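Printed here is input_37.cif (mmCIF, C-alpha atoms and all ligand atoms):
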data_final
loop_
_atom_site.label_atom_id
_atom_site.label_comp_id
_atom_site.auth_asym_id
_atom_site.auth_seq_id
_atom_site.Cartn_x
_atom_site.Cartn_y
_atom_site.Cartn_z
CA MET A 1 27.78 -3.85 7.15
CA GLY A 2 26.49 -4.00 10.68
CA GLU A 3 22.93 -4.45 11.86
CA ASP A 4 20.09 -2.74 10.00
CA GLY A 5 18.45 0.31 11.58
CA ALA A 6 14.73 0.71 12.23
CA LEU A 7 11.98 -0.38 9.87
CA LEU A 8 9.96 2.78 9.16
CA ALA A 9 6.86 3.25 7.01
CA ILE A 10 4.77 5.83 5.17
CA SER A 11 2.26 5.84 2.31
CA ASP A 12 -0.04 8.01 0.23
CA LEU A 13 2.56 10.69 -0.38
CA HIS A 14 0.53 12.02 -3.35
CA VAL A 15 3.40 14.20 -4.50
CA GLY A 16 1.36 15.82 -7.28
CA HIS A 17 0.45 18.26 -4.49
CA ALA A 18 3.22 20.82 -3.90
CA ASP A 19 2.64 20.78 -0.14
CA ASN A 20 3.11 17.01 -0.14
CA ARG A 21 6.35 17.34 -2.11
CA ALA A 22 7.60 19.56 0.71
CA ILE A 23 6.75 16.78 3.18
CA VAL A 24 8.75 14.26 1.17
CA GLU A 25 11.69 16.64 0.91
CA ALA A 26 11.71 16.88 4.70
CA LEU A 27 11.64 13.11 5.34
CA ARG A 28 14.82 11.91 7.01
CA PRO A 29 15.84 8.62 8.60
CA GLU A 30 16.83 8.58 12.26
CA SER A 31 19.92 6.65 11.23
CA PRO A 32 21.39 6.09 7.74
CA ARG A 33 20.84 2.36 8.32
CA ASP A 34 17.04 2.74 8.56
CA TRP A 35 14.76 1.09 6.02
CA LEU A 36 11.67 2.79 4.59
CA LEU A 37 8.51 0.97 3.53
CA VAL A 38 6.44 3.00 1.04
CA ALA A 39 2.96 1.51 0.82
CA GLY A 40 1.70 3.07 -2.41
CA ASP A 41 0.02 6.19 -3.80
CA VAL A 42 3.34 7.97 -4.21
CA GLY A 43 1.95 9.94 -7.15
CA ASP A 44 -0.20 9.87 -10.27
CA THR A 45 2.48 10.00 -13.00
CA VAL A 46 5.58 7.89 -13.53
CA ALA A 47 7.76 11.02 -13.24
CA GLN A 48 6.24 11.88 -9.84
CA VAL A 49 6.82 8.36 -8.54
CA GLU A 50 10.42 8.36 -9.76
CA TRP A 51 11.12 11.77 -8.25
CA ALA A 52 9.98 10.70 -4.80
CA LEU A 53 11.54 7.23 -4.78
CA ASP A 54 14.84 8.58 -6.13
CA LEU A 55 15.00 11.14 -3.31
CA LEU A 56 14.09 8.57 -0.65
CA SER A 57 16.50 5.94 -2.00
CA ARG A 58 19.37 8.37 -1.40
CA ARG A 59 18.43 8.83 2.25
CA PHE A 60 17.44 5.38 3.48
CA ALA A 61 19.56 2.24 3.47
CA THR A 62 16.77 0.26 1.79
CA VAL A 63 13.50 1.47 0.27
CA VAL A 64 10.69 -1.01 -0.32
CA TRP A 65 7.73 0.00 -2.51
CA ALA A 66 4.31 -1.54 -3.02
CA PRO A 67 2.11 0.08 -5.69
CA GLY A 68 -1.05 1.97 -4.86
CA ASN A 69 -4.00 2.47 -7.16
CA HIS A 70 -2.76 5.95 -8.09
CA GLU A 71 0.53 4.67 -9.54
CA LEU A 72 -1.51 2.36 -11.75
CA TRP A 73 -3.68 5.12 -13.21
CA THR A 74 -3.04 6.17 -16.79
CA PRO A 75 -3.77 9.90 -16.50
CA PRO A 76 -4.33 11.59 -19.89
CA ALA A 77 -1.62 14.16 -19.07
CA ASP A 78 1.11 11.59 -18.32
CA PRO A 79 3.54 11.22 -21.25
CA VAL A 80 3.78 7.54 -20.19
CA GLN A 81 0.51 6.12 -21.54
CA LEU A 82 1.15 2.48 -20.59
CA ARG A 83 -1.85 0.68 -19.08
CA GLY A 84 -2.39 -2.10 -16.57
CA VAL A 85 0.27 -4.78 -16.32
CA ALA A 86 2.56 -2.94 -18.77
CA ARG A 87 2.42 0.15 -16.57
CA TYR A 88 3.12 -1.87 -13.43
CA ARG A 89 6.12 -3.57 -15.08
CA HIS A 90 7.43 -0.18 -16.23
CA LEU A 91 7.23 1.12 -12.65
CA VAL A 92 9.03 -1.99 -11.39
CA ASP A 93 11.79 -1.35 -13.97
CA ARG A 94 12.11 2.27 -12.84
CA CYS A 95 12.37 1.10 -9.21
CA ARG A 96 15.13 -1.35 -10.13
CA GLY A 97 17.02 1.52 -11.73
CA LEU A 98 16.85 3.30 -8.37
CA GLY A 99 17.64 0.24 -6.25
CA VAL A 100 14.13 0.30 -4.75
CA LEU A 101 12.67 -3.13 -3.93
CA THR A 102 9.25 -4.10 -5.33
CA PRO A 103 6.79 -7.01 -5.07
CA GLU A 104 8.67 -8.58 -8.01
CA ASP A 105 11.95 -8.93 -6.10
CA PRO A 106 12.95 -11.65 -3.62
CA TYR A 107 11.54 -10.66 -0.22
CA PRO A 108 14.38 -9.02 1.74
CA VAL A 109 15.28 -9.97 5.32
CA TRP A 110 15.51 -7.06 7.74
CA ARG A 111 18.08 -7.71 10.47
CA GLY A 112 17.61 -4.80 12.83
CA PRO A 113 17.05 -4.87 16.60
CA GLY A 114 14.27 -7.32 17.41
CA GLY A 115 14.66 -8.93 13.97
CA PRO A 116 15.14 -10.72 11.73
CA ALA A 117 11.90 -10.40 9.78
CA LEU A 118 10.96 -11.11 6.18
CA VAL A 119 9.67 -7.95 4.50
CA ALA A 120 7.08 -8.73 1.84
CA PRO A 121 5.82 -5.89 -0.37
CA LEU A 122 2.55 -7.05 -1.94
CA PHE A 123 0.51 -5.99 -4.93
CA LEU A 124 -2.97 -7.48 -4.59
CA LEU A 125 -5.56 -4.88 -5.68
CA TYR A 126 -9.27 -5.37 -4.85
CA ASP A 127 -12.20 -7.31 -6.20
CA HIS A 128 -15.44 -5.64 -5.01
CA SER A 129 -15.96 -8.38 -2.41
CA TRP A 130 -16.24 -5.88 0.45
CA ARG A 131 -19.87 -4.94 -0.09
CA PRO A 132 -22.60 -3.61 2.21
CA ASP A 133 -25.08 -6.21 3.43
CA GLY A 134 -27.83 -6.78 0.92
CA LEU A 135 -25.68 -6.07 -2.12
CA ASP A 136 -24.90 -9.64 -3.13
CA THR A 137 -22.88 -9.14 -6.30
CA PRO A 138 -20.09 -6.83 -7.50
CA GLU A 139 -22.52 -5.52 -10.13
CA ALA A 140 -25.05 -4.54 -7.45
CA ALA A 141 -22.34 -2.81 -5.39
CA LEU A 142 -21.10 -0.86 -8.39
CA ALA A 143 -24.64 0.15 -9.35
CA GLU A 144 -25.24 1.42 -5.82
CA ALA A 145 -22.00 3.40 -5.98
CA TYR A 146 -23.10 5.10 -9.20
CA ARG A 147 -26.56 5.72 -7.76
CA THR A 148 -25.09 7.49 -4.73
CA GLY A 149 -22.27 9.24 -6.61
CA VAL A 150 -19.44 7.55 -4.65
CA VAL A 151 -17.40 6.09 -7.51
CA CYS A 152 -13.64 5.58 -7.27
CA THR A 153 -11.63 7.29 -10.03
CA ASP A 154 -10.01 3.89 -10.66
CA GLU A 155 -13.13 3.05 -12.69
CA PHE A 156 -11.92 5.56 -15.29
CA LEU A 157 -8.13 5.56 -14.99
CA LEU A 158 -6.93 2.18 -13.61
CA HIS A 159 -7.03 -0.13 -16.62
CA PRO A 160 -6.57 -3.87 -16.01
CA ASP A 161 -5.09 -4.71 -19.45
CA PRO A 162 -4.63 -7.48 -20.48
CA TYR A 163 -6.99 -8.82 -17.77
CA PRO A 164 -10.72 -8.45 -18.45
CA SER A 165 -11.25 -6.71 -15.10
CA ARG A 166 -9.42 -5.44 -12.03
CA ALA A 167 -11.06 -8.28 -10.10
CA ALA A 168 -9.46 -10.82 -12.46
CA TRP A 169 -6.08 -9.12 -12.05
CA CYS A 170 -6.61 -9.21 -8.27
CA ALA A 171 -7.43 -12.93 -8.29
CA ASP A 172 -4.23 -13.69 -10.21
CA ARG A 173 -2.11 -11.54 -7.89
CA VAL A 174 -3.66 -13.14 -4.81
CA ALA A 175 -2.99 -16.67 -6.10
CA THR A 176 0.64 -16.10 -7.13
CA THR A 177 1.44 -14.06 -4.00
CA ALA A 178 -0.09 -16.64 -1.65
CA ALA A 179 2.07 -19.33 -3.29
CA ARG A 180 5.19 -17.22 -2.84
CA LEU A 181 4.42 -16.51 0.81
CA ALA A 182 3.64 -20.16 1.48
CA ALA A 183 7.10 -21.07 0.15
CA ARG A 184 8.95 -18.60 2.41
CA ASP A 185 11.28 -19.57 5.28
CA PRO A 186 8.73 -20.29 8.06
CA ALA A 187 11.32 -19.55 10.76
CA LEU A 188 10.99 -15.80 10.15
CA PRO A 189 8.05 -13.58 11.09
CA THR A 190 6.85 -11.39 8.23
CA VAL A 191 6.07 -7.73 7.73
CA LEU A 192 3.36 -7.57 5.06
CA VAL A 193 3.27 -4.30 3.11
CA ASN A 194 0.23 -3.72 0.91
CA HIS A 195 -1.45 -0.52 -0.26
CA PHE A 196 -4.85 -1.93 0.65
CA PRO A 197 -5.79 -3.25 4.09
CA LEU A 198 -5.68 -7.06 4.22
CA VAL A 199 -8.73 -7.21 6.48
CA ARG A 200 -12.04 -5.44 6.07
CA ASP A 201 -12.41 -4.10 9.59
CA PRO A 202 -10.47 -0.83 9.10
CA THR A 203 -12.89 0.15 6.30
CA ARG A 204 -15.87 0.10 8.67
CA ILE A 205 -15.30 3.74 9.61
CA LEU A 206 -15.21 5.03 6.02
CA ARG A 207 -17.50 8.01 5.58
CA HIS A 208 -18.99 6.22 2.56
CA PRO A 209 -19.13 2.46 3.33
CA ILE A 210 -19.93 1.73 -0.34
CA PHE A 211 -16.33 2.82 -1.14
CA ALA A 212 -14.95 -0.29 0.60
CA GLN A 213 -15.38 -2.26 -2.65
CA TRP A 214 -12.27 -0.44 -3.94
CA CYS A 215 -10.26 -1.10 -0.76
CA GLY A 216 -9.31 -4.78 -0.69
CA THR A 217 -10.43 -8.36 -0.98
CA GLU A 218 -11.97 -10.97 1.28
CA ALA A 219 -9.33 -13.38 -0.08
CA THR A 220 -6.67 -11.96 2.29
CA ALA A 221 -8.77 -12.03 5.48
CA ASP A 222 -6.51 -14.58 7.21
CA TRP A 223 -3.14 -13.69 5.70
CA HIS A 224 -1.81 -11.93 8.81
CA ARG A 225 -2.18 -15.24 10.72
CA ARG A 226 -1.48 -17.62 7.85
CA PHE A 227 1.79 -15.89 6.99
CA ALA A 228 2.90 -15.13 10.55
CA ALA A 229 2.87 -11.34 10.36
CA ALA A 230 4.66 -9.41 13.11
CA ALA A 231 2.99 -6.34 11.60
CA VAL A 232 0.93 -5.36 8.56
CA VAL A 233 1.53 -1.99 6.86
CA TYR A 234 -1.05 -0.38 4.58
CA GLY A 235 -2.51 2.95 3.45
CA HIS A 236 -5.18 3.91 0.91
CA LEU A 237 -7.87 4.79 3.48
CA HIS A 238 -6.19 8.08 4.44
CA ILE A 239 -7.11 7.28 8.04
CA PRO A 240 -3.72 6.91 9.78
CA ARG A 241 -3.95 4.80 12.93
CA THR A 242 -2.93 1.55 14.60
CA THR A 243 -5.41 -1.30 14.98
CA TRP A 244 -5.14 -4.90 16.16
CA HIS A 245 -6.61 -7.94 14.48
CA ASP A 246 -6.17 -11.39 16.04
CA GLY A 247 -3.31 -9.94 18.08
CA VAL A 248 -1.46 -8.63 14.99
CA ARG A 249 -0.61 -4.95 14.69
CA PHE A 250 -1.92 -3.21 11.58
CA GLU A 251 -0.44 0.21 10.77
CA GLU A 252 -2.26 2.60 8.41
CA VAL A 253 0.59 4.98 7.55
CA SER A 254 -0.90 7.39 5.00
CA VAL A 255 -0.11 11.08 4.62
CA GLY A 256 -3.11 11.80 2.35
CA TYR A 257 -4.11 15.06 0.70
CA PRO A 258 -3.27 18.50 2.16
CA ARG A 259 -6.93 19.12 3.03
CA GLU A 260 -6.83 15.92 5.09
CA TRP A 261 -3.49 16.19 6.90
CA ARG A 262 -4.04 19.87 7.75
CA GLN A 263 -6.99 18.82 9.92
CA ARG A 264 -4.99 16.31 11.97
CA SER A 265 -3.29 17.14 15.22
CA ALA A 266 -0.24 14.99 14.44
CA PRO A 267 2.34 16.60 12.15
CA ALA A 268 2.17 15.30 8.57
CA GLY A 269 5.14 13.31 7.36
CA THR A 270 5.96 11.58 10.63
CA LEU A 271 7.43 8.18 9.81
CA ARG A 272 5.76 5.27 11.60
CA ARG A 273 8.12 2.84 13.28
CA ILE A 274 7.16 -0.73 12.50
CA LEU A 275 10.13 -2.59 14.01
CA PRO A 276 11.53 -2.69 16.53
CA ALA A 277 8.00 -2.42 17.92
CA PRO A 278 7.43 0.85 19.81
CA ALA A 279 7.82 0.58 23.60
CA GLY A 280 4.69 -0.75 25.29
CA THR A 281 3.56 -2.72 22.23
CA PRO A 282 2.22 -6.09 23.35
CA PRO A 283 3.84 -9.13 21.72
CA THR A 284 2.23 -10.59 18.64
CA ALA A 285 -0.20 -13.30 19.64
CA TRP A 286 0.00 -15.79 16.77
FE FE A 301 -4.08 7.60 -1.36
FE FE A 302 -5.03 4.50 -2.70
#
Go ahead and render the structure in this file as structure tokens.
Ligand SMILES: [Fe+2]
Ligand SMILES: [Fe+2]
Amino acid sequence: MGEDGALLAISDLHVGHADNRAIVEALRPESPRDWLLVAGDVGDTVAQVEWALDLLSRRFATVVWAPGNHELWTPPADPVQLRGVARYRHLVDRCRGLGVLTPEDPYPVWRGPGGPALVAPLFLLYDHSWRPDGLDTPEAALAEAYRTGVVCTDEFLLHPDPYPSRAAWCADRVATTAARLAARDPALPTVLVNHFPLVRDPTRILRHPIFAQWCGTEATADWHRRFAAAAVVYGHLHIPRTTWHDGVRFEEVSVGYPREWRQRSAPAGTLRRILPAPAGTPPTAW
């Protein structure tokens, strides 16, 4: 095997929508050696997730998946009624059957042009710590969400079993993941792939700021510097764009729902190139 191809990324495929399935069917690498990072919200049922990852795993040299909140839902109509950790482990098993890498596998090293880089898919969740000023507790933030009618469906479908809460699950994931990243080879820059943004800033333009409590955790605010990220890949916000935080490039790579991508000028289903960095990208500052 020669050098790897490009490191490409996408998220929020939401293939329960027929028009989004058509987007996935049209996704192609530029070269058969390209890698694809899939940053969560592939679909709502296990069958949908498997369909999409199976198709992509046949086209890209390596596919790396990090779960979104939608994969972790237990929708009443899904024949797979597993909840919480059991559901996550089931999805990881399905990925292994397809050769798709998950947060439970050793972090792979990408050796394409401009590399090498350590690719770390993360599963961290959120903990209601991103709250509007004046709402001092998770309980107050949740109450305000109910009062204003902006409540994430996770409250009803994303079960944390056997943890007492999604925040407790998040705290455990953050602790074990930070330990793994701290033990990595420090000679390599990282590409951190998480469904949720690692820093709060990108949530500031949400139409409903109260929704940020379901978008990440303050616990990862310095991870892009602490773990030497060359780039951070995320989705969930359905606001595709590139932003910079402390000189590190953050790429929101979501497709989103048909009603969202139809309003954008850019064609839906364009893969974002993460590495080698697009021409004109300033060097990472860390
Ligand atoms: Fe999404
Ligand atoms: Fe999401």
Just to confirm, what's the straight-line distance from atom CA of Pro197 of chain A to atom CA of Pro209 of chain A in Å (one decimal)?
14.5 Å
Chain A near ligand FE 301 (chain A) within 10 Å: what's each residue's closest atom pair and its distance in Å to one decimal, counting only C-alpha atoms and all ligand atoms, ordered by chain then ascending residue number, as a tab-separated table?
residue	atom	partner	partner_atom	distance
A:Ser11	CA	A:FE301	FE	7.5
A:Asp12	CA	A:FE301	FE	4.4
A:Leu13	CA	A:FE301	FE	7.4
A:His14	CA	A:FE301	FE	6.7
A:Ala39	CA	A:FE301	FE	9.6
A:Gly40	CA	A:FE301	FE	7.4
A:Asp41	CA	A:FE301	FE	5.0
A:Val42	CA	A:FE301	FE	8.0
A:Gly43	CA	A:FE301	FE	8.7
A:Asp44	CA	A:FE301	FE	10.0
A:Gly68	CA	A:FE301	FE	7.3
A:Asn69	CA	A:FE301	FE	7.7
A:His70	CA	A:FE301	FE	7.1
A:Glu71	CA	A:FE301	FE	9.8
A:His195	CA	A:FE301	FE	8.6
A:Phe196	CA	A:FE301	FE	9.8
A:Gly235	CA	A:FE301	FE	6.9
A:His236	CA	A:FE301	FE	4.5
A:Leu237	CA	A:FE301	FE	6.8
A:His238	CA	A:FE301	FE	6.2
A:Ile239	CA	A:FE301	FE	9.9
A:Ser254	CA	A:FE301	FE	7.1
A:Val255	CA	A:FE301	FE	8.0
A:Gly256	CA	A:FE301	FE	5.7
A:Tyr257	CA	A:FE301	FE	7.7
Counting all atoms listed in the file, what is within 9 Å of Arg173 of chain A, bar same-chain residues fewer than 6 positions away, as a count of residues only?
4
Nearest candidate to Thr137 of chain A (options A:Ser31, A:Gln213, A:Thr74, A:Thr177; using only C-alpha atoms):
A:Gln213
I'd like the contact shell of segment 150-162 of chain A - 10 Å cut-off, all atoms listed in the file, skipping same-chain residues fewer than 2 positions apart - returned as a compact mmCIF listing (two decimals) with C-alpha atoms, keeping the file's coordinate frame.
# COMPACT_ATOMS: atom_id res chain seq x y z
CA ASN A 69 -4.00 2.47 -7.16
CA HIS A 70 -2.76 5.95 -8.09
CA GLU A 71 0.53 4.67 -9.54
CA LEU A 72 -1.51 2.36 -11.75
CA TRP A 73 -3.68 5.12 -13.21
CA THR A 74 -3.04 6.17 -16.79
CA PRO A 75 -3.77 9.90 -16.50
CA PRO A 76 -4.33 11.59 -19.89
CA LEU A 82 1.15 2.48 -20.59
CA ARG A 83 -1.85 0.68 -19.08
CA GLY A 84 -2.39 -2.10 -16.57
CA VAL A 85 0.27 -4.78 -16.32
CA ALA A 86 2.56 -2.94 -18.77
CA ARG A 87 2.42 0.15 -16.57
CA LEU A 142 -21.10 -0.86 -8.39
CA ALA A 143 -24.64 0.15 -9.35
CA GLU A 144 -25.24 1.42 -5.82
CA ALA A 145 -22.00 3.40 -5.98
CA TYR A 146 -23.10 5.10 -9.20
CA ARG A 147 -26.56 5.72 -7.76
CA THR A 148 -25.09 7.49 -4.73
CA PRO A 164 -10.72 -8.45 -18.45
CA SER A 165 -11.25 -6.71 -15.10
CA ARG A 166 -9.42 -5.44 -12.03
CA ALA A 167 -11.06 -8.28 -10.10
CA ALA A 168 -9.46 -10.82 -12.46
CA TRP A 169 -6.08 -9.12 -12.05
CA CYS A 170 -6.61 -9.21 -8.27
CA HIS A 208 -18.99 6.22 2.56
CA PRO A 209 -19.13 2.46 3.33
CA ILE A 210 -19.93 1.73 -0.34
CA PHE A 211 -16.33 2.82 -1.14
CA ALA A 212 -14.95 -0.29 0.60
CA GLN A 213 -15.38 -2.26 -2.65
CA TRP A 214 -12.27 -0.44 -3.94
CA CYS A 215 -10.26 -1.10 -0.76
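You can rank A:Leu101, A:Ile23, A:Ala66, A:Cys95 by their closest distance to ligand FE 302 (chain A) using all atoms listed in the file, and at the top of that list sits A:Ala66.
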Report, as AutoDock Vina command-line options, the axis-aligned box around all atoms of segment 2-6 of chain A present in the file, extended by 6 Å on each side; give centre and edge lengths in Å to one decimal place.
--center_x 20.6 --center_y -1.9 --center_z 11.1 --size_x 23.8 --size_y 17.2 --size_z 14.2
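The spacing separating atom CA of Asp246 of chain A from atom CA of Pro278 of chain A amounts to 18.7 Å.
Closest approach to Trp110 of chain A among A:Leu206, A:Leu135, A:Val15, A:Leu7 is made by A:Leu7 (distances from all atoms listed in the file).
Here atom CA of Thr176 of chain A stands at a distance of 25.8 Å from atom CA of Trp35 of chain A.
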Of the candidates A:Val253, A:Val109, A:Ala221, A:Val100, which one gets nearest to ligand FE 302 (chain A) if we count all atoms listed in the file?
A:Val253
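For the choices A:Asn194, A:Gln263, A:Ala178, A:Asp185, the atom-to-atom distance to ligand FE 302 (chain A) is smallest for A:Asn194 when using only C-alpha atoms and all ligand atoms.
Minimum distance to Trp130 of chain A across A:Pro67, A:Pro202, A:Pro116, A:Pro79 (counting all atoms listed in the file) occurs at A:Pro202.
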Near Leu98 of chain A, within 12 Å and counting only C-alpha atoms, which residues show up once chain neighbours fewer than 5 positions away are dropped, as a short mmCIF file (atom, residue, chain, number, x, y, z; two decimals) with C-alpha atoms, in the coordinates of the input?
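Result file follows (selection-v6.cif):
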data_model
loop_
_atom_site.label_atom_id
_atom_site.label_comp_id
_atom_site.auth_asym_id
_atom_site.auth_seq_id
_atom_site.Cartn_x
_atom_site.Cartn_y
_atom_site.Cartn_z
CA VAL A 49 6.82 8.36 -8.54
CA GLU A 50 10.42 8.36 -9.76
CA TRP A 51 11.12 11.77 -8.25
CA ALA A 52 9.98 10.70 -4.80
CA LEU A 53 11.54 7.23 -4.78
CA ASP A 54 14.84 8.58 -6.13
CA LEU A 55 15.00 11.14 -3.31
CA LEU A 56 14.09 8.57 -0.65
CA SER A 57 16.50 5.94 -2.00
CA ARG A 58 19.37 8.37 -1.40
CA THR A 62 16.77 0.26 1.79
CA VAL A 63 13.50 1.47 0.27
CA VAL A 64 10.69 -1.01 -0.32
CA TRP A 65 7.73 0.00 -2.51
CA LEU A 91 7.23 1.12 -12.65
CA VAL A 92 9.03 -1.99 -11.39
CA ASP A 93 11.79 -1.35 -13.97
#
Starting from the incomplete input, reconstruct all heavy atoms of segment 102-110 of chain A and report them as a PDB file, keeping the file's coordinate frame.
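To be explicit, this is the file written out as out17.pdb:
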ATOM      1  N   THR A 102      10.660  -4.050  -4.926  1.00  0.00           N
ATOM      2  CA  THR A 102       9.250  -4.100  -5.330  1.00  0.00           C
ATOM      3  C   THR A 102       8.678  -5.485  -5.042  1.00  0.00           C
ATOM      4  O   THR A 102       9.416  -6.412  -4.693  1.00  0.00           O
ATOM      5  CB  THR A 102       9.110  -3.830  -6.839  1.00  0.00           C
ATOM      6  OG1 THR A 102       9.483  -5.029  -7.551  1.00  0.00           O
ATOM      7  CG2 THR A 102       9.998  -2.681  -7.294  1.00  0.00           C
ATOM      8  N   PRO A 103       7.379  -5.663  -5.247  1.00  0.00           N
ATOM      9  CA  PRO A 103       6.790  -7.010  -5.070  1.00  0.00           C
ATOM     10  C   PRO A 103       7.357  -8.048  -6.034  1.00  0.00           C
ATOM     11  O   PRO A 103       7.107  -9.241  -5.851  1.00  0.00           O
ATOM     12  CB  PRO A 103       5.298  -6.767  -5.331  1.00  0.00           C
ATOM     13  CG  PRO A 103       5.078  -5.328  -4.996  1.00  0.00           C
ATOM     14  CD  PRO A 103       6.335  -4.633  -5.438  1.00  0.00           C
ATOM     15  N   GLU A 104       8.107  -7.619  -7.044  1.00  0.00           N
ATOM     16  CA  GLU A 104       8.670  -8.580  -8.010  1.00  0.00           C
ATOM     17  C   GLU A 104      10.058  -9.060  -7.629  1.00  0.00           C
ATOM     18  O   GLU A 104      10.640  -9.885  -8.330  1.00  0.00           O
ATOM     19  CB  GLU A 104       8.683  -7.955  -9.404  1.00  0.00           C
ATOM     20  CG  GLU A 104       7.326  -7.446  -9.866  1.00  0.00           C
ATOM     21  CD  GLU A 104       6.207  -8.458  -9.635  1.00  0.00           C
ATOM     22  OE1 GLU A 104       6.323  -9.597 -10.119  1.00  0.00           O
ATOM     23  OE2 GLU A 104       5.218  -8.100  -8.946  1.00  0.00           O
ATOM     24  N   ASP A 105      10.607  -8.531  -6.542  1.00  0.00           N
ATOM     25  CA  ASP A 105      11.950  -8.930  -6.100  1.00  0.00           C
ATOM     26  C   ASP A 105      11.850  -9.976  -4.996  1.00  0.00           C
ATOM     27  O   ASP A 105      10.813 -10.090  -4.336  1.00  0.00           O
ATOM     28  CB  ASP A 105      12.705  -7.700  -5.586  1.00  0.00           C
ATOM     29  CG  ASP A 105      12.927  -6.702  -6.705  1.00  0.00           C
ATOM     30  OD1 ASP A 105      13.517  -7.098  -7.721  1.00  0.00           O
ATOM     31  OD2 ASP A 105      12.478  -5.550  -6.570  1.00  0.00           O
ATOM     32  N   PRO A 106      12.942 -10.749  -4.783  1.00  0.00           N
ATOM     33  CA  PRO A 106      12.950 -11.650  -3.620  1.00  0.00           C
ATOM     34  C   PRO A 106      12.674 -10.828  -2.351  1.00  0.00           C
ATOM     35  O   PRO A 106      13.164  -9.712  -2.222  1.00  0.00           O
ATOM     36  CB  PRO A 106      14.379 -12.201  -3.624  1.00  0.00           C
ATOM     37  CG  PRO A 106      14.864 -12.027  -5.032  1.00  0.00           C
ATOM     38  CD  PRO A 106      14.184 -10.791  -5.558  1.00  0.00           C
ATOM     39  N   TYR A 107      11.865 -11.402  -1.447  1.00  0.00           N
ATOM     40  CA  TYR A 107      11.540 -10.660  -0.220  1.00  0.00           C
ATOM     41  C   TYR A 107      12.801 -10.483   0.626  1.00  0.00           C
ATOM     42  O   TYR A 107      13.462 -11.462   0.975  1.00  0.00           O
ATOM     43  CB  TYR A 107      10.479 -11.412   0.583  1.00  0.00           C
ATOM     44  CG  TYR A 107       9.159 -11.590  -0.134  1.00  0.00           C
ATOM     45  CD1 TYR A 107       8.446 -12.775  -0.016  1.00  0.00           C
ATOM     46  CD2 TYR A 107       8.611 -10.567  -0.914  1.00  0.00           C
ATOM     47  CE1 TYR A 107       7.207 -12.944  -0.662  1.00  0.00           C
ATOM     48  CE2 TYR A 107       7.388 -10.729  -1.561  1.00  0.00           C
ATOM     49  CZ  TYR A 107       6.692 -11.916  -1.430  1.00  0.00           C
ATOM     50  OH  TYR A 107       5.489 -12.077  -2.062  1.00  0.00           O
ATOM     51  N   PRO A 108      13.153  -9.244   0.975  1.00  0.00           N
ATOM     52  CA  PRO A 108      14.380  -9.020   1.740  1.00  0.00           C
ATOM     53  C   PRO A 108      14.192  -9.357   3.231  1.00  0.00           C
ATOM     54  O   PRO A 108      13.077  -9.297   3.754  1.00  0.00           O
ATOM     55  CB  PRO A 108      14.629  -7.521   1.566  1.00  0.00           C
ATOM     56  CG  PRO A 108      13.264  -6.937   1.374  1.00  0.00           C
ATOM     57  CD  PRO A 108      12.449  -7.982   0.640  1.00  0.00           C
ATOM     58  N   VAL A 109      15.290  -9.708   3.879  1.00  0.00           N
ATOM     59  CA  VAL A 109      15.280  -9.970   5.320  1.00  0.00           C
ATOM     60  C   VAL A 109      15.859  -8.762   6.033  1.00  0.00           C
ATOM     61  O   VAL A 109      16.991  -8.351   5.775  1.00  0.00           O
ATOM     62  CB  VAL A 109      16.090 -11.241   5.664  1.00  0.00           C
ATOM     63  CG1 VAL A 109      16.133 -11.448   7.180  1.00  0.00           C
ATOM     64  CG2 VAL A 109      15.492 -12.460   4.967  1.00  0.00           C
ATOM     65  N   TRP A 110      15.059  -8.189   6.915  1.00  0.00           N
ATOM     66  CA  TRP A 110      15.510  -7.060   7.740  1.00  0.00           C
ATOM     67  C   TRP A 110      16.133  -7.639   9.013  1.00  0.00           C
ATOM     68  O   TRP A 110      15.561  -8.500   9.670  1.00  0.00           O
ATOM     69  CB  TRP A 110      14.302  -6.177   8.066  1.00  0.00           C
ATOM     70  CG  TRP A 110      14.585  -5.088   9.071  1.00  0.00           C
ATOM     71  CD1 TRP A 110      15.143  -3.865   8.836  1.00  0.00           C
ATOM     72  CD2 TRP A 110      14.292  -5.137  10.471  1.00  0.00           C
ATOM     73  NE1 TRP A 110      15.222  -3.157  10.004  1.00  0.00           N
ATOM     74  CE2 TRP A 110      14.706  -3.907  11.018  1.00  0.00           C
ATOM     75  CE3 TRP A 110      13.720  -6.096  11.316  1.00  0.00           C
ATOM     76  CZ2 TRP A 110      14.578  -3.609  12.384  1.00  0.00           C
ATOM     77  CZ3 TRP A 110      13.593  -5.804  12.663  1.00  0.00           C
ATOM     78  CH2 TRP A 110      14.013  -4.570  13.177  1.00  0.00           C
TER      79      TRP A 110
END
